[in-house]
>>> print(open('data.cif').read())   # mmCIF, C-alpha atoms; chains and numbers go by the auth columns
data_query
#
loop_
_atom_site.group_PDB
_atom_site.id
_atom_site.type_symbol
_atom_site.label_atom_id
_atom_site.label_comp_id
_atom_site.label_asym_id
_atom_site.label_seq_id
_atom_site.Cartn_x
_atom_site.Cartn_y
_atom_site.Cartn_z
_atom_site.B_iso_or_equiv
_atom_site.auth_seq_id
_atom_site.auth_asym_id
ATOM 1 C CA MET A 1 214.417 129.701 -8.848 0.00 1 A
ATOM 2 C CA ARG A 2 211.391 127.454 -9.276 0.00 2 A
ATOM 3 C CA GLY A 3 208.967 128.799 -11.849 0.00 3 A
ATOM 4 C CA ARG A 4 209.370 131.538 -14.404 0.00 4 A
ATOM 5 C CA PRO A 5 207.361 134.740 -14.760 0.00 5 A
ATOM 6 C CA THR A 6 205.077 134.443 -17.782 0.00 6 A
ATOM 7 C CA VAL A 7 203.014 136.715 -19.997 0.00 7 A
ATOM 8 C CA LEU A 8 200.397 135.271 -22.325 0.00 8 A
ATOM 9 C CA ILE A 9 199.386 136.971 -25.572 0.00 9 A
ATOM 10 C CA THR A 10 195.842 135.893 -26.367 0.00 10 A
ATOM 11 C CA VAL A 11 193.239 136.813 -28.951 0.00 11 A
ATOM 12 C CA TRP A 12 190.735 134.468 -27.330 0.00 12 A
ATOM 13 C CA PRO A 13 190.356 136.074 -23.903 0.00 13 A
ATOM 14 C CA GLU A 14 187.171 134.199 -22.942 0.00 14 A
ATOM 15 C CA GLU A 15 188.971 130.875 -23.327 0.00 15 A
ATOM 16 C CA SER A 16 192.218 132.105 -21.751 0.00 16 A
ATOM 17 C CA ALA A 17 190.423 133.580 -18.728 0.00 17 A
ATOM 18 C CA VAL A 18 189.379 130.088 -17.656 0.00 18 A
ATOM 19 C CA MET A 19 193.074 129.272 -17.127 0.00 19 A
ATOM 20 C CA ARG A 20 193.524 132.453 -15.052 0.00 20 A
ATOM 21 C CA PRO A 21 196.927 133.390 -16.483 0.00 21 A
ATOM 22 C CA PRO A 22 199.288 135.290 -14.165 0.00 22 A
ATOM 23 C CA ARG A 23 199.736 138.052 -16.752 0.00 23 A
ATOM 24 C CA ALA A 24 198.025 138.319 -20.120 0.00 24 A
ATOM 25 C CA LEU A 25 197.637 140.746 -22.991 0.00 25 A
ATOM 26 C CA HIS A 26 194.659 140.785 -25.333 0.00 26 A
ATOM 27 C CA PRO A 27 195.507 142.733 -28.492 0.00 27 A
ATOM 28 C CA VAL A 28 191.998 143.880 -29.337 0.00 28 A
ATOM 29 C CA GLY A 29 191.095 143.705 -33.003 0.00 29 A
ATOM 30 C CA LEU A 30 193.527 140.943 -33.877 0.00 30 A
ATOM 31 C CA LYS A 31 192.419 137.427 -34.695 0.00 31 A
ATOM 32 C CA LEU A 32 193.623 133.886 -34.173 0.00 32 A
ATOM 33 C CA GLY A 33 196.614 133.293 -36.413 0.00 33 A
ATOM 34 C CA ASN A 34 197.608 136.962 -36.179 0.00 34 A
ATOM 35 C CA SER A 35 197.964 137.577 -32.456 0.00 35 A
ATOM 36 C CA LEU A 36 201.006 139.803 -33.122 0.00 36 A
ATOM 37 C CA GLY A 37 199.754 141.245 -36.399 0.00 37 A
ATOM 38 C CA GLY A 38 199.956 140.302 -40.030 0.00 38 A
ATOM 39 C CA ALA A 39 202.771 138.921 -42.134 0.00 39 A
ATOM 40 C CA ASP A 40 205.633 141.408 -42.460 0.00 40 A
ATOM 41 C CA GLN A 41 203.970 143.938 -40.103 0.00 41 A
ATOM 42 C CA ARG A 42 207.218 144.280 -38.209 0.00 42 A
ATOM 43 C CA GLU A 43 206.338 147.481 -36.350 0.00 43 A
ATOM 44 C CA LEU A 44 203.012 146.139 -35.107 0.00 44 A
ATOM 45 C CA GLN A 45 204.611 142.840 -34.102 0.00 45 A
ATOM 46 C CA ARG A 46 207.272 144.749 -32.195 0.00 46 A
ATOM 47 C CA ARG A 47 204.741 147.014 -30.457 0.00 47 A
ATOM 48 C CA ILE A 48 202.640 144.091 -29.274 0.00 48 A
ATOM 49 C CA LEU A 49 205.753 142.240 -28.134 0.00 49 A
ATOM 50 C CA LEU A 50 206.955 145.274 -26.164 0.00 50 A
ATOM 51 C CA ASP A 51 203.501 145.774 -24.614 0.00 51 A
ATOM 52 C CA ALA A 52 203.507 142.122 -23.563 0.00 52 A
ATOM 53 C CA LEU A 53 206.965 142.488 -22.023 0.00 53 A
ATOM 54 C CA ASP A 54 205.798 145.610 -20.159 0.00 54 A
ATOM 55 C CA LEU A 55 203.317 143.456 -18.264 0.00 55 A
ATOM 56 C CA PHE A 56 206.248 141.819 -16.444 0.00 56 A
ATOM 57 C CA LEU A 57 206.810 145.216 -14.804 0.00 57 A
ATOM 58 C CA ALA A 58 203.155 146.151 -14.292 0.00 58 A
ATOM 59 C CA PRO A 59 201.516 145.996 -10.854 0.00 59 A
ATOM 60 C CA PRO A 60 200.465 142.398 -10.193 0.00 60 A
ATOM 61 C CA ALA A 61 196.941 141.597 -11.359 0.00 61 A
ATOM 62 C CA PRO A 62 196.953 137.795 -11.542 0.00 62 A
ATOM 63 C CA GLY A 63 194.120 136.364 -13.573 0.00 63 A
ATOM 64 C CA LYS A 64 193.297 139.689 -15.222 0.00 64 A
ATOM 65 C CA ILE A 65 193.652 139.964 -19.003 0.00 65 A
ATOM 66 C CA GLN A 66 194.847 143.422 -20.047 0.00 66 A
ATOM 67 C CA GLU A 67 193.302 144.787 -23.235 0.00 67 A
ATOM 68 C CA ARG A 68 195.142 147.054 -25.672 0.00 68 A
ATOM 69 C CA GLN A 69 193.805 148.510 -28.904 0.00 69 A
ATOM 70 C CA TYR A 70 195.924 148.263 -32.065 0.00 70 A
ATOM 71 C CA MET B 1 193.892 124.434 -14.331 0.00 1 B
ATOM 72 C CA ALA B 2 194.196 127.187 -11.773 0.00 2 B
ATOM 73 C CA ARG B 3 190.767 127.156 -10.154 0.00 3 B
ATOM 74 C CA LYS B 4 191.921 128.017 -6.659 0.00 4 B
ATOM 75 C CA CYS B 5 194.886 130.283 -7.123 0.00 5 B
ATOM 76 C CA VAL B 6 196.909 131.925 -9.859 0.00 6 B
ATOM 77 C CA PRO B 7 200.519 130.657 -9.987 0.00 7 B
ATOM 78 C CA PHE B 8 202.055 134.125 -10.074 0.00 8 B
ATOM 79 C CA THR B 9 205.863 134.295 -10.181 0.00 9 B
ATOM 80 C CA PRO B 10 207.080 137.848 -9.528 0.00 10 B
ATOM 81 C CA PHE B 11 209.675 139.544 -11.683 0.00 11 B
ATOM 82 C CA GLU B 12 212.084 141.845 -9.894 0.00 12 B
ATOM 83 C CA GLY B 13 214.882 141.986 -12.440 0.00 13 B
ATOM 84 C CA GLU B 14 215.718 144.266 -15.336 0.00 14 B
ATOM 85 C CA PHE B 15 214.867 143.583 -18.950 0.00 15 B
ATOM 86 C CA LYS B 16 218.345 144.401 -20.158 0.00 16 B
ATOM 87 C CA ARG B 17 219.705 141.566 -18.012 0.00 17 B
ATOM 88 C CA SER B 18 216.883 139.112 -18.658 0.00 18 B
ATOM 89 C CA VAL B 19 216.794 136.203 -21.054 0.00 19 B
ATOM 90 C CA VAL B 20 213.423 135.607 -22.708 0.00 20 B
ATOM 91 C CA ALA B 21 211.945 132.360 -24.057 0.00 21 B
ATOM 92 C CA LEU B 22 208.939 131.750 -26.270 0.00 22 B
ATOM 93 C CA VAL B 23 206.475 128.964 -25.527 0.00 23 B
ATOM 94 C CA SER B 24 203.586 128.409 -27.904 0.00 24 B
ATOM 95 C CA ASN B 25 200.836 125.903 -28.569 0.00 25 B
ATOM 96 C CA ALA B 26 200.136 127.288 -32.037 0.00 26 B
ATOM 97 C CA GLY B 27 201.570 124.285 -33.883 0.00 27 B
ATOM 98 C CA VAL B 28 204.921 125.902 -34.749 0.00 28 B
ATOM 99 C CA HIS B 29 207.679 123.540 -35.848 0.00 29 B
ATOM 100 C CA PRO B 30 210.776 123.526 -38.040 0.00 30 B
ATOM 101 C CA LYS B 31 210.145 123.385 -41.791 0.00 31 B
ATOM 102 C CA GLY B 32 210.816 119.838 -42.902 0.00 32 B
ATOM 103 C CA GLY B 33 210.435 118.604 -39.327 0.00 33 B
ATOM 104 C CA GLU B 34 207.667 116.424 -38.000 0.00 34 B
ATOM 105 C CA PRO B 35 204.411 118.423 -37.960 0.00 35 B
ATOM 106 C CA PHE B 36 201.955 118.216 -35.097 0.00 36 B
ATOM 107 C CA ASN B 37 198.964 115.910 -35.416 0.00 37 B
ATOM 108 C CA THR B 38 196.136 118.391 -35.978 0.00 38 B
ATOM 109 C CA GLU B 39 193.608 116.012 -34.402 0.00 39 B
ATOM 110 C CA GLY B 40 195.406 116.256 -31.079 0.00 40 B
ATOM 111 C CA ASP B 41 199.022 116.054 -30.012 0.00 41 B
ATOM 112 C CA SER B 42 200.668 116.051 -26.591 0.00 42 B
ATOM 113 C CA SER B 43 204.242 116.230 -27.854 0.00 43 B
ATOM 114 C CA ILE B 44 206.486 119.265 -27.771 0.00 44 B
ATOM 115 C CA ARG B 45 209.272 120.537 -29.990 0.00 45 B
ATOM 116 C CA LEU B 46 212.388 122.180 -28.598 0.00 46 B
ATOM 117 C CA LEU B 47 213.774 125.039 -30.666 0.00 47 B
ATOM 118 C CA SER B 48 217.300 126.300 -30.276 0.00 48 B
ATOM 119 C CA GLN B 49 218.529 129.791 -29.497 0.00 49 B
ATOM 120 C CA GLU B 50 219.716 130.183 -33.089 0.00 50 B
ATOM 121 C CA VAL B 51 216.428 129.326 -34.776 0.00 51 B
ATOM 122 C CA SER B 52 215.102 132.042 -37.064 0.00 52 B
ATOM 123 C CA GLY B 53 211.591 132.711 -38.247 0.00 53 B
ATOM 124 C CA GLY B 54 212.395 131.644 -41.784 0.00 54 B
ATOM 125 C CA GLU B 55 213.131 128.131 -40.565 0.00 55 B
ATOM 126 C CA LEU B 56 209.717 127.713 -38.941 0.00 56 B
ATOM 127 C CA MET B 57 206.168 126.996 -40.033 0.00 57 B
ATOM 128 C CA ALA B 58 202.843 126.277 -38.373 0.00 58 B
ATOM 129 C CA THR B 59 200.656 123.197 -38.802 0.00 59 B
ATOM 130 C CA ASP B 60 197.232 123.581 -37.235 0.00 60 B
ATOM 131 C CA ALA B 61 193.748 122.982 -38.622 0.00 61 B
ATOM 132 C CA HIS B 62 191.969 125.204 -36.088 0.00 62 B
ATOM 133 C CA TYR B 63 193.053 128.631 -37.259 0.00 63 B
ATOM 134 C CA ASP B 64 194.141 130.236 -40.516 0.00 64 B
ATOM 135 C CA THR B 65 197.894 129.623 -40.747 0.00 65 B
ATOM 136 C CA SER B 66 198.393 131.395 -44.091 0.00 66 B
ATOM 137 C CA ASP B 67 199.928 134.569 -42.606 0.00 67 B
ATOM 138 C CA ALA B 68 201.966 132.604 -40.077 0.00 68 B
ATOM 139 C CA ASN B 69 203.388 130.493 -42.866 0.00 69 B
ATOM 140 C CA ARG B 70 204.521 133.634 -44.680 0.00 70 B
ATOM 141 C CA ASP B 71 205.918 135.184 -41.507 0.00 71 B
ATOM 142 C CA ILE B 72 205.939 133.108 -38.327 0.00 72 B
ATOM 143 C CA ASN B 73 206.400 136.283 -36.267 0.00 73 B
ATOM 144 C CA CYS B 74 202.620 136.789 -36.570 0.00 74 B
ATOM 145 C CA ILE B 75 202.232 134.185 -33.833 0.00 75 B
ATOM 146 C CA PHE B 76 205.772 133.359 -32.682 0.00 76 B
ATOM 147 C CA PRO B 77 207.861 136.554 -32.592 0.00 77 B
ATOM 148 C CA ILE B 78 211.305 134.988 -32.611 0.00 78 B
ATOM 149 C CA ASP B 79 212.865 137.491 -35.032 0.00 79 B
ATOM 150 C CA ARG B 80 211.370 140.486 -33.184 0.00 80 B
ATOM 151 C CA LEU B 81 212.712 139.063 -29.922 0.00 81 B
ATOM 152 C CA ARG B 82 216.172 138.677 -31.446 0.00 82 B
ATOM 153 C CA GLU B 83 216.048 142.321 -32.562 0.00 83 B
ATOM 154 C CA LEU B 84 215.245 143.383 -28.990 0.00 84 B
ATOM 155 C CA ALA B 85 218.223 141.358 -27.779 0.00 85 B
ATOM 156 C CA ARG B 86 220.545 142.880 -30.399 0.00 86 B
ATOM 157 C CA GLU B 87 219.564 146.414 -29.448 0.00 87 B
ATOM 158 C CA GLY B 88 219.964 145.637 -25.735 0.00 88 B
ATOM 159 C CA THR B 89 216.315 146.036 -24.713 0.00 89 B
ATOM 160 C CA ILE B 90 216.416 142.503 -23.303 0.00 90 B
ATOM 161 C CA GLY B 91 219.456 140.587 -22.095 0.00 91 B
ATOM 162 C CA GLY B 92 219.150 137.810 -24.645 0.00 92 B
ATOM 163 C CA ILE B 93 217.010 135.074 -26.044 0.00 93 B
ATOM 164 C CA SER B 94 216.792 131.700 -24.401 0.00 94 B
ATOM 165 C CA ASN B 95 218.846 128.685 -25.403 0.00 95 B
ATOM 166 C CA LYS B 96 215.539 126.858 -25.645 0.00 96 B
ATOM 167 C CA HIS B 97 212.025 127.659 -26.893 0.00 97 B
ATOM 168 C CA ILE B 98 209.101 125.252 -26.771 0.00 98 B
ATOM 169 C CA THR B 99 206.216 124.639 -29.137 0.00 99 B
ATOM 170 C CA ALA B 100 203.190 122.385 -28.951 0.00 100 B
ATOM 171 C CA GLY B 101 200.155 121.756 -31.094 0.00 101 B
ATOM 172 C CA PHE B 102 196.392 121.651 -30.742 0.00 102 B
ATOM 173 C CA ASN B 103 194.988 119.262 -28.167 0.00 103 B
ATOM 174 C CA LYS B 104 191.423 119.242 -26.906 0.00 104 B
ATOM 175 C CA ASN B 105 192.296 116.566 -24.351 0.00 105 B
ATOM 176 C CA LEU B 106 192.923 118.948 -21.461 0.00 106 B
ATOM 177 C CA LYS B 107 193.833 116.102 -19.103 0.00 107 B
ATOM 178 C CA GLU B 108 196.670 115.206 -21.445 0.00 108 B
ATOM 179 C CA VAL B 109 197.718 118.851 -21.702 0.00 109 B
ATOM 180 C CA TYR B 110 197.692 119.138 -17.900 0.00 110 B
ATOM 181 C CA GLU B 111 199.438 115.844 -17.202 0.00 111 B
ATOM 182 C CA VAL B 112 201.839 115.548 -20.148 0.00 112 B
ATOM 183 C CA THR B 113 202.411 118.653 -22.259 0.00 113 B
ATOM 184 C CA ALA B 114 202.404 121.302 -19.536 0.00 114 B
ATOM 185 C CA PRO B 115 204.724 119.534 -17.046 0.00 115 B
ATOM 186 C CA LYS B 116 207.104 118.510 -19.843 0.00 116 B
ATOM 187 C CA SER B 117 207.237 122.125 -21.029 0.00 117 B
ATOM 188 C CA ALA B 118 207.682 123.466 -17.495 0.00 118 B
ATOM 189 C CA ASP B 119 210.540 121.011 -16.846 0.00 119 B
ATOM 190 C CA GLU B 120 212.273 122.104 -20.053 0.00 120 B
ATOM 191 C CA MET B 121 211.911 125.759 -19.080 0.00 121 B
ATOM 192 C CA GLU B 122 213.318 125.006 -15.631 0.00 122 B
ATOM 193 C CA ARG B 123 216.381 123.554 -17.332 0.00 123 B
ATOM 194 C CA SER B 124 216.760 126.503 -19.710 0.00 124 B
ATOM 195 C CA ALA B 125 218.510 129.846 -19.474 0.00 125 B
ATOM 196 C CA ALA B 126 215.204 131.718 -19.560 0.00 126 B
ATOM 197 C CA ASP B 127 214.371 134.309 -16.922 0.00 127 B
ATOM 198 C CA LEU B 128 211.065 135.272 -18.536 0.00 128 B
ATOM 199 C CA VAL B 129 208.630 133.315 -20.676 0.00 129 B
ATOM 200 C CA LEU B 130 206.307 134.728 -23.299 0.00 130 B
ATOM 201 C CA LEU B 131 203.374 132.476 -24.166 0.00 131 B
ATOM 202 C CA THR B 132 201.557 132.631 -27.489 0.00 132 B
ATOM 203 C CA ALA B 133 198.540 130.688 -28.660 0.00 133 B
ATOM 204 C CA GLY B 134 198.062 131.386 -32.328 0.00 134 B
#
>>> encode(input="data.cif", output="structure tokens")
Amino acid sequence: MRGRPTVLITVWPEESAVMRPPRALHPVGLKLGNSLGGADQRELQRRILLDALDLFLAPPAPGKIQERQY
Amino acid sequence: MARKCVPFTPFEGEFKRSVVALVSNAGVHPKGGEPFNTEGDSSIRLLSQEVSGGELMATDAHYDTSDANRDINCIFPIDRLRELAREGTIGGISNKHITAGFNKNLKEVYEVTAPKSADEMERSAADLVLLTAG
């Protein structure tokens, strides 16, 4: 297979949108350096990771950045 | 980079049979290894399947790395991914993960860093790739 399905986790959606990622998650409320949460916030990190993985199964919306509140 | 079309690769598999890789340009590298040049760097680092979060750190002058350097999973969720593999949610974690650093020279990113990373992923066990950017 040529190419791999990707999901981007971004906290800078304006910048990421320029690249038109095939699948992307914007965890709203998180900042650069903490795109999956804070240090030792294992549950939050896991939730964001699982939400990002879910986008592999979501209906295709190439170029659209999905927002989720945390 | 993708002005005309979005390079969408469909996924028709199952998570529990899929191997996942992490690719990040957040300046993540092994502790004690060569850090990225924070002024701009087109190189990549290859991380093995066995690497754990405690072995990694981030060097980047363009975001606050203090949390990441206490727990790299803030930006590079390698330990969380391994937990998902252990519990069977995903099939496994890739034999190869890729990291890069800051680079405002987009031509260099497009012509050097991105193709090098894509070639490495093509030659990896990964079925799915999760991208993080700090």
>>> resolve_selection(input="data.cif", expression="the PyMOL selection byres ((chain B and resi 73) around 10)", output="ChimeraX atom specification")
/A:34-42,45-46 /B:52-54,56,67-72,74-81
>>> interface_residues(input="data.cif", of="chain B", to="chain A", cutoff="10 Å", atoms="only C-alpha atoms", output="PyMOL selection string")
chain B and resi 1-15+20-24+26+58+60+62-77+79-81+83-84+89-90+118-119+121-122+126-134
>>> closest_residue(input="data.cif", among="B:Ala61, B:Gly101, B:Arg86, B:Leu47", to="B:Glu120", atoms="all atoms listed in the file")
B:Leu47
>>> closest_residue(input="data.cif", among="B:Ile93, B:Ile98, B:Met57, B:Ala114", to="B:His29", atoms="all atoms listed in the file")
B:Met57
>>> resolve_selection(input="data.cif", expression="the PyMOL selection byres ((chain A and resi 67) around 8)", output="VMD selection string")
chain A and resid 25 to 28 65 to 66 68 to 69
>>> resolve_selection(input="data.cif", expression="the PyMOL selection byres ((chain B and resi 45) around 6)", output="list of chain:residue names")
B:Ile44, B:Leu46, B:Ile98, B:Thr99
>>> atom_distance(input="data.cif", atom1="atom CA of B:Ser48", atom2="atom CA of B:Asn95")
5.6 Å
>>> atom_distance(input="data.cif", atom1="atom CA of B:Tyr110", atom2="atom CA of B:Thr38")
18.2 Å
>>> residues_around(input="data.cif", residues="B:Lys104", least_positions_apart="4", cutoff="12 Å", atoms="all atoms listed in the file", output="short mmCIF file (atom, residue, chain, number, x, y, z; two decimals) with C-alpha atoms, keeping the file's coordinate frame")
data_model
loop_
_atom_site.label_atom_id
_atom_site.label_comp_id
_atom_site.auth_asym_id
_atom_site.auth_seq_id
_atom_site.Cartn_x
_atom_site.Cartn_y
_atom_site.Cartn_z
CA ASN B 25 200.84 125.90 -28.57
CA ASN B 37 198.96 115.91 -35.42
CA THR B 38 196.14 118.39 -35.98
CA GLU B 39 193.61 116.01 -34.40
CA GLY B 40 195.41 116.26 -31.08
CA ASP B 41 199.02 116.05 -30.01
CA SER B 42 200.67 116.05 -26.59
CA HIS B 62 191.97 125.20 -36.09
CA GLU B 108 196.67 115.21 -21.44
CA VAL B 109 197.72 118.85 -21.70
CA TYR B 110 197.69 119.14 -17.90
CA THR B 113 202.41 118.65 -22.26
#
>>> atom_distance(input="data.cif", atom1="atom CA of B:Arg82", atom2="atom CA of B:Thr59")
23.1 Å
>>> closest_residue(input="data.cif", among="B:Ala85, B:Ala125, B:Val51, B:Val19", to="B:Lys31", atoms="all atoms listed in the file")
B:Val51
>>> decode(input="data.cif", residues="stretch 5-15 of chain B", atoms="all heavy atoms", output="PDB file, in the first residue's frame")
ATOM      1  N   CYS B   5      -5.510  19.393  -3.871  1.00  0.00           N
ATOM      2  CA  CYS B   5      -6.293  18.267  -3.386  1.00  0.00           C
ATOM      3  C   CYS B   5      -5.738  17.818  -2.036  1.00  0.00           C
ATOM      4  O   CYS B   5      -4.616  18.147  -1.683  1.00  0.00           O
ATOM      5  CB  CYS B   5      -6.248  17.099  -4.373  1.00  0.00           C
ATOM      6  SG  CYS B   5      -4.627  16.404  -4.583  1.00  0.00           S
ATOM      7  N   VAL B   6      -6.557  17.097  -1.308  1.00  0.00           N
ATOM      8  CA  VAL B   6      -6.134  16.578  -0.010  1.00  0.00           C
ATOM      9  C   VAL B   6      -5.715  15.124  -0.216  1.00  0.00           C
ATOM     10  O   VAL B   6      -6.492  14.331  -0.747  1.00  0.00           O
ATOM     11  CB  VAL B   6      -7.279  16.660   1.013  1.00  0.00           C
ATOM     12  CG1 VAL B   6      -6.839  16.101   2.352  1.00  0.00           C
ATOM     13  CG2 VAL B   6      -7.749  18.092   1.162  1.00  0.00           C
ATOM     14  N   PRO B   7      -4.498  14.760   0.174  1.00  0.00           N
ATOM     15  CA  PRO B   7      -4.023  13.385  -0.057  1.00  0.00           C
ATOM     16  C   PRO B   7      -4.628  12.403   0.949  1.00  0.00           C
ATOM     17  O   PRO B   7      -3.973  11.973   1.881  1.00  0.00           O
ATOM     18  CB  PRO B   7      -2.510  13.517   0.113  1.00  0.00           C
ATOM     19  CG  PRO B   7      -2.344  14.660   1.053  1.00  0.00           C
ATOM     20  CD  PRO B   7      -3.494  15.598   0.814  1.00  0.00           C
ATOM     21  N   PHE B   8      -5.886  12.081   0.734  1.00  0.00           N
ATOM     22  CA  PHE B   8      -6.643  11.265   1.685  1.00  0.00           C
ATOM     23  C   PHE B   8      -6.429   9.780   1.404  1.00  0.00           C
ATOM     24  O   PHE B   8      -6.720   9.291   0.321  1.00  0.00           O
ATOM     25  CB  PHE B   8      -8.129  11.611   1.563  1.00  0.00           C
ATOM     26  CG  PHE B   8      -8.997  10.926   2.572  1.00  0.00           C
ATOM     27  CD1 PHE B   8      -9.209  11.479   3.825  1.00  0.00           C
ATOM     28  CD2 PHE B   8      -9.610   9.725   2.269  1.00  0.00           C
ATOM     29  CE1 PHE B   8     -10.010  10.850   4.757  1.00  0.00           C
ATOM     30  CE2 PHE B   8     -10.422   9.084   3.191  1.00  0.00           C
ATOM     31  CZ  PHE B   8     -10.616   9.650   4.440  1.00  0.00           C
ATOM     32  N   THR B   9      -5.899   9.059   2.379  1.00  0.00           N
ATOM     33  CA  THR B   9      -5.757   7.601   2.262  1.00  0.00           C
ATOM     34  C   THR B   9      -6.827   6.960   3.131  1.00  0.00           C
ATOM     35  O   THR B   9      -6.839   7.178   4.339  1.00  0.00           O
ATOM     36  CB  THR B   9      -4.360   7.146   2.736  1.00  0.00           C
ATOM     37  OG1 THR B   9      -3.369   7.857   1.991  1.00  0.00           O
ATOM     38  CG2 THR B   9      -4.177   5.650   2.529  1.00  0.00           C
ATOM     39  N   PRO B  10      -7.742   6.208   2.537  1.00  0.00           N
ATOM     40  CA  PRO B  10      -8.827   5.619   3.344  1.00  0.00           C
ATOM     41  C   PRO B  10      -8.321   4.543   4.285  1.00  0.00           C
ATOM     42  O   PRO B  10      -7.263   3.950   4.060  1.00  0.00           O
ATOM     43  CB  PRO B  10      -9.770   5.019   2.292  1.00  0.00           C
ATOM     44  CG  PRO B  10      -9.004   4.947   1.037  1.00  0.00           C
ATOM     45  CD  PRO B  10      -7.832   5.873   1.129  1.00  0.00           C
ATOM     46  N   PHE B  11      -9.091   4.331   5.350  1.00  0.00           N
ATOM     47  CA  PHE B  11      -8.794   3.251   6.285  1.00  0.00           C
ATOM     48  C   PHE B  11      -9.999   2.322   6.315  1.00  0.00           C
ATOM     49  O   PHE B  11     -11.105   2.740   6.658  1.00  0.00           O
ATOM     50  CB  PHE B  11      -8.513   3.810   7.680  1.00  0.00           C
ATOM     51  CG  PHE B  11      -8.392   2.745   8.742  1.00  0.00           C
ATOM     52  CD1 PHE B  11      -7.457   1.728   8.631  1.00  0.00           C
ATOM     53  CD2 PHE B  11      -9.224   2.764   9.855  1.00  0.00           C
ATOM     54  CE1 PHE B  11      -7.351   0.747   9.608  1.00  0.00           C
ATOM     55  CE2 PHE B  11      -9.122   1.781  10.839  1.00  0.00           C
ATOM     56  CZ  PHE B  11      -8.186   0.771  10.709  1.00  0.00           C
ATOM     57  N   GLU B  12      -9.781   1.071   5.972  1.00  0.00           N
ATOM     58  CA  GLU B  12     -10.898   0.128   5.936  1.00  0.00           C
ATOM     59  C   GLU B  12     -10.640  -1.073   6.839  1.00  0.00           C
ATOM     60  O   GLU B  12     -11.306  -2.095   6.733  1.00  0.00           O
ATOM     61  CB  GLU B  12     -11.150  -0.319   4.492  1.00  0.00           C
ATOM     62  CG  GLU B  12     -11.752   0.805   3.657  1.00  0.00           C
ATOM     63  CD  GLU B  12     -11.573   0.615   2.174  1.00  0.00           C
ATOM     64  OE1 GLU B  12     -10.876  -0.341   1.761  1.00  0.00           O
ATOM     65  OE2 GLU B  12     -12.131   1.423   1.415  1.00  0.00           O
ATOM     66  N   GLY B  13      -9.640  -0.938   7.703  1.00  0.00           N
ATOM     67  CA  GLY B  13      -9.287  -2.055   8.577  1.00  0.00           C
ATOM     68  C   GLY B  13      -9.990  -1.977   9.918  1.00  0.00           C
ATOM     69  O   GLY B  13     -11.009  -1.317  10.078  1.00  0.00           O
ATOM     70  N   GLU B  14      -9.419  -2.704  10.869  1.00  0.00           N
ATOM     71  CA  GLU B  14      -9.936  -2.693  12.245  1.00  0.00           C
ATOM     72  C   GLU B  14      -8.806  -2.228  13.153  1.00  0.00           C
ATOM     73  O   GLU B  14      -7.659  -2.623  12.961  1.00  0.00           O
ATOM     74  CB  GLU B  14     -10.321  -4.110  12.679  1.00  0.00           C
ATOM     75  CG  GLU B  14     -11.480  -4.720  11.952  1.00  0.00           C
ATOM     76  CD  GLU B  14     -11.677  -6.151  12.446  1.00  0.00           C
ATOM     77  OE1 GLU B  14     -12.245  -6.319  13.544  1.00  0.00           O
ATOM     78  OE2 GLU B  14     -11.243  -7.084  11.755  1.00  0.00           O
ATOM     79  N   PHE B  15      -9.159  -1.460  14.158  1.00  0.00           N
ATOM     80  CA  PHE B  15      -8.132  -0.997  15.094  1.00  0.00           C
ATOM     81  C   PHE B  15      -7.374  -2.155  15.729  1.00  0.00           C
ATOM     82  O   PHE B  15      -6.164  -2.113  15.881  1.00  0.00           O
ATOM     83  CB  PHE B  15      -8.752  -0.158  16.212  1.00  0.00           C
ATOM     84  CG  PHE B  15      -9.042   1.246  15.811  1.00  0.00           C
ATOM     85  CD1 PHE B  15     -10.112   1.916  16.353  1.00  0.00           C
ATOM     86  CD2 PHE B  15      -8.242   1.915  14.897  1.00  0.00           C
ATOM     87  CE1 PHE B  15     -10.397   3.215  15.992  1.00  0.00           C
ATOM     88  CE2 PHE B  15      -8.505   3.209  14.520  1.00  0.00           C
ATOM     89  CZ  PHE B  15      -9.599   3.854  15.075  1.00  0.00           C
TER      90      PHE B  15
END
